[in-house]
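The block underneath contains the structure these notes are about, expressed in structure tokens.
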Amino acid sequence: MPRSLPVTKPFGSIVMNKPIPRPFSLLAEVTYRCPLHCPYCSNPTQFSHTMVELSRDEWKRVLNEAAELGALHVGFSGGEPLQRSDLAELVADSRAAGLYSNLITSAIGLSRPRAEELKAAGLDSVQISFQSDEAPLADTIAGTRSHDNKLEAARLVRELGFPLTINTVLHRGNITRVPQIVALAEALGAERLELANTQFYGWAFQNRAALLPTREQMEDATEIALAAKNRLLGKMEILFVAPDYYGTRPKPCMNGWGNRHLTVNPVGDVLPCPTAGGIKSLRFDNVREKPLRWIWTESESFNRFRGTEWLPEPCHSCEFREIDFGGCRCQAELLTGNAAMTDPACSLSPYREQLTRFVESIQGVTEKSFEANTSSVAYRENPV
Amino acid sequence: MLSRARLQKDKVTGKPILLYPEGILILNPTAHAIVTHCTGEETFEEIVAKLAAQYGALPEDVREDVTICLDRFRSLNLLEVLS
């Protein structure tokens, strides 16, 4: 071996001159099981038939390895993380590793003993999803009765002193309820409200014709959300995520591939984002076979789209390439069949026209209520 | 006092950091000194006086630093002001 080369390659093969960044957050998808059936779920529409969820000991190793890599936040998600009876042990493991933990939950199963157990284990914060501001619409969207339980759980979370985030995924069926959703979050004493327009992956992609709001709905909601954000500054933080189908520049997805974030799914596959498993041309490594550090720094899947060198045109010579990194790989895969293309949410993408045609096709929809429309929606199913 | 945030040392850089839902603040030495006083036990003026004494600085300079720092925390909804 020539002496000028180091024995071990310090960086991945794609970004030779830039050091590998550290991850700041880990999304721990501890199970795909979920009592809700939301049609906008970003989980895979087909689950592997050989699903053996990671054990508590395997998660403990993952949490420690993520913290060693530099991760500071862990989100326990799924599916519904409360479906795992050992969740409090995982929380305690994350606390011991120095991670700031967030439970991302539907709140179904968050009884008082369970919430107290999680508090004692060191859980830092809780995020509860609300499908709308009131039943029965919320229950219709969730595909099960759940709204009243959520209200009760949210009050319990505040009573126990957890910081509370409310997350509502917005779509055509609930986007006109934004003022009421803001009022609900205020009444529940939430410190943070996420009003996130549906991102079209997984189940949501299948249902996008029924879920995409009209331009007028989207513009109204944006205005209301921004006014609420200003009004509540310092009391409740409001994050409004616009639907990128209406944008002209793509979102800087995950702040770059393999740049800030990693997801470990229920069976141990390590992904740069929760939906990356849908990219057929990539094989994702598993924590049962490789150390997390190797996967983050060395694996082909994490290096394939890292940085900006790999970008195709029109991105490679674009002045925005360090801002949006060419957008979202999963969206490119879904809309062009090739994850290495420019995200079609960008006005410069050759596929933008096709996306615009779809967006225009739903503008003329006669407004029917979500309840009247459920026959055209595929509800999320559970792994078998 | 600082609510919903946790102060700890970053394993990678050794720097003090503040962790809160969906956020991370890397603290400079000034901000770190201020944070250690945000316990809910001391008033604004007591914090200024103590830091001024501790660092041998003019109270008006310290007051400006503390104001800027606490305003930042307040805008991030991290500050709970006790009466």
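Chain lettering (A, B, ...) mirrors the order of the structure tokens, residue numbering begins at 1 for each chain separately, and ligand numbering begins at 1 in order of display.
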Interface list for chain A, partner chain B, 6 Å threshold, only C-alpha atoms, as a PyMOL selection string = chain A and resi 70+163+234
Long-range neighbours of Arg283 of chain A as a PyMOL selection string, 9 Å cut-off, only C-alpha atoms, 3 positions minimum in chain = chain A and resi 277+279-280+300-301
Shell of 8 Å around Gln217 of chain A, only C-alpha atoms, local chain residues under 5 positions omitted, as a PDB file with C-alpha atoms, in the first residue's frame:
ATOM      1  CA  ARG A 172     -58.179  19.280   2.344  1.00  0.00           C
ATOM      2  CA  ILE A 175     -57.255  22.821   6.648  1.00  0.00           C
ATOM      3  CA  THR A 176     -60.223  25.162   7.095  1.00  0.00           C
TER       4      THR A 176
END
If we count only C-alpha atoms, what is near Leu348 of chain A at a cut-off of 10 Å, once residues fewer than 6 positions away on the same chain are taken out, given as a list in words?
->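 In the requested form, the answer reads Thr248, Arg249, Pro250, Glu313, Pro314, Cys315, Cys318 and Thr342 of chain A.
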If you keep C-alpha atoms, can you produce a file of those selected residues as a PDB file, in the first residue's frame?
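The resulting file, again01.pdb, is shown below:
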ATOM      1  CA  THR A 248     -41.464  27.072  -6.645  1.00  0.00           C
ATOM      2  CA  ARG A 249     -38.360  25.991  -4.738  1.00  0.00           C
ATOM      3  CA  PRO A 250     -38.032  22.557  -3.193  1.00  0.00           C
ATOM      4  CA  GLU A 313     -28.458  19.501 -13.659  1.00  0.00           C
ATOM      5  CA  PRO A 314     -30.181  21.907 -13.307  1.00  0.00           C
ATOM      6  CA  CYS A 315     -29.153  21.638  -9.624  1.00  0.00           C
ATOM      7  CA  CYS A 318     -27.744  26.268  -9.465  1.00  0.00           C
ATOM      8  CA  THR A 342     -34.160  17.255  -9.240  1.00  0.00           C
TER       9      THR A 342
END
Pick out the closest residue to Arg33 of chain A from this set: A:Pro266, A:Pro243, A:Pro350, A:Gly189. Count only C-alpha atoms.
-> A:Pro266
Do a neighbour search on Thr105 of chain A at 8 Å with only C-alpha atoms, toss out local chain neighbours closer than 4 positions, and write the hits as a CSV table (one decimal) with N, CA and C atoms, in the first residue's frame.
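The result, stored in selection.csv:
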chain,number,residue,atom,x,y,z
A,77,SER,N,-40.9,7.3,17.9
A,77,SER,CA,-42.0,7.4,17.0
A,77,SER,C,-42.4,6.1,16.5
A,80,GLU,N,-47.1,3.7,16.6
A,80,GLU,CA,-47.4,4.3,17.9
A,80,GLU,C,-46.4,3.7,18.9
A,81,PRO,N,-45.5,4.5,19.4
A,81,PRO,CA,-44.4,4.0,20.2
A,81,PRO,C,-45.0,3.4,21.5
A,82,LEU,N,-46.1,3.9,22.0
A,82,LEU,CA,-46.7,3.3,23.2
A,82,LEU,C,-47.1,1.9,23.1
A,126,VAL,N,-43.2,15.8,25.1
A,126,VAL,CA,-44.3,14.9,24.4
A,126,VAL,C,-44.9,15.7,23.3
A,127,GLN,N,-45.0,15.0,22.2
A,127,GLN,CA,-45.8,15.6,21.0
A,127,GLN,C,-47.0,14.7,20.7
A,128,ILE,N,-48.1,15.3,20.7
A,128,ILE,CA,-49.4,14.6,20.5
A,128,ILE,C,-50.0,15.0,19.2
A,129,SER,N,-50.4,14.1,18.4
A,129,SER,CA,-51.0,14.4,17.1
A,129,SER,C,-52.5,14.6,17.4
From a DSSP pass on the backbone, collect the residues of chain B flagged as alpha helix (DSSP H) and hand them back as number ranges by chain.
-> B: 29-37, 44-55, 59-75
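Nearest residue to Asp65 of chain B among B:Glu42, B:Leu82, B:Ala31, B:His37 is B:Ala31, counting only C-alpha atoms.
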Check the DSSP output for the backbone and give back, as a PyMOL selection string, the residues of segment 4-230 of chain A in strand (DSSP E).
-> chain A and resi 25-29+73-77+100-105+125-129+164-170+192-197
Close residues, segment 46-57 of chain B itself excluded, 9 Å, only C-alpha atoms, min 5 positions apart in chain, as a PyMOL selection string | chain B and resi 33-34+37-38+62-63+66
Output N, CA and C atoms for every residue in that selection, as an mmCIF file, in the first residue's frame.
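part_12.cif written:
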data_model
loop_
_atom_site.group_PDB
_atom_site.id
_atom_site.type_symbol
_atom_site.label_atom_id
_atom_site.label_comp_id
_atom_site.auth_asym_id
_atom_site.auth_seq_id
_atom_site.Cartn_x
_atom_site.Cartn_y
_atom_site.Cartn_z
ATOM 1 N N ALA B 33 -22.723 31.379 31.395
ATOM 2 C CA ALA B 33 -22.718 31.977 32.741
ATOM 3 C C ALA B 33 -24.119 32.472 33.109
ATOM 4 N N ILE B 34 -24.794 33.069 32.140
ATOM 5 C CA ILE B 34 -26.147 33.586 32.409
ATOM 6 C C ILE B 34 -27.112 32.433 32.701
ATOM 7 N N HIS B 37 -27.433 30.976 36.079
ATOM 8 C CA HIS B 37 -28.157 31.768 37.081
ATOM 9 C C HIS B 37 -29.673 31.755 36.888
ATOM 10 N N CYS B 38 -30.118 31.163 35.754
ATOM 11 C CA CYS B 38 -31.564 31.159 35.473
ATOM 12 C C CYS B 38 -32.244 29.978 36.174
ATOM 13 N N VAL B 62 -22.977 44.246 31.696
ATOM 14 C CA VAL B 62 -23.553 42.934 32.015
ATOM 15 C C VAL B 62 -25.063 42.959 31.782
ATOM 16 N N ARG B 63 -25.686 44.071 32.179
ATOM 17 C CA ARG B 63 -27.132 44.177 32.021
ATOM 18 C C ARG B 63 -27.529 44.045 30.543
ATOM 19 N N VAL B 66 -27.127 40.361 29.513
ATOM 20 C CA VAL B 66 -28.184 39.521 30.092
ATOM 21 C C VAL B 66 -29.509 39.787 29.380
#
Within 8 Å of segment 191-207 of chain A using only C-alpha atoms, minus same-chain residues under 4 positions, as JSON, numbers by chain = {"A": [39, 40, 41, 42, 43, 44, 45, 163, 164, 165, 166, 167, 168, 169, 170, 171, 182, 185, 211, 212, 225, 235, 236, 237, 238, 239, 240, 241, 242, 243, 244, 275, 330, 331, 334, 377, 378, 379, 380], "B": [77]}
For atom CA of Glu353 of chain A and atom CA of Phe370 of chain A, determine how far apart the two atoms are, in Å to one decimal place.
->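 Calculated distance between atom CA of Glu353 of chain A and atom CA of Phe370 of chain A is 28.1 Å.
Comparing the minimum interatomic distances between Tyr32 of chain A and each of A:Thr214, A:Asn102, A:Gly337, A:Val267, counting only C-alpha atoms, we find that A:Val267 sits nearest.
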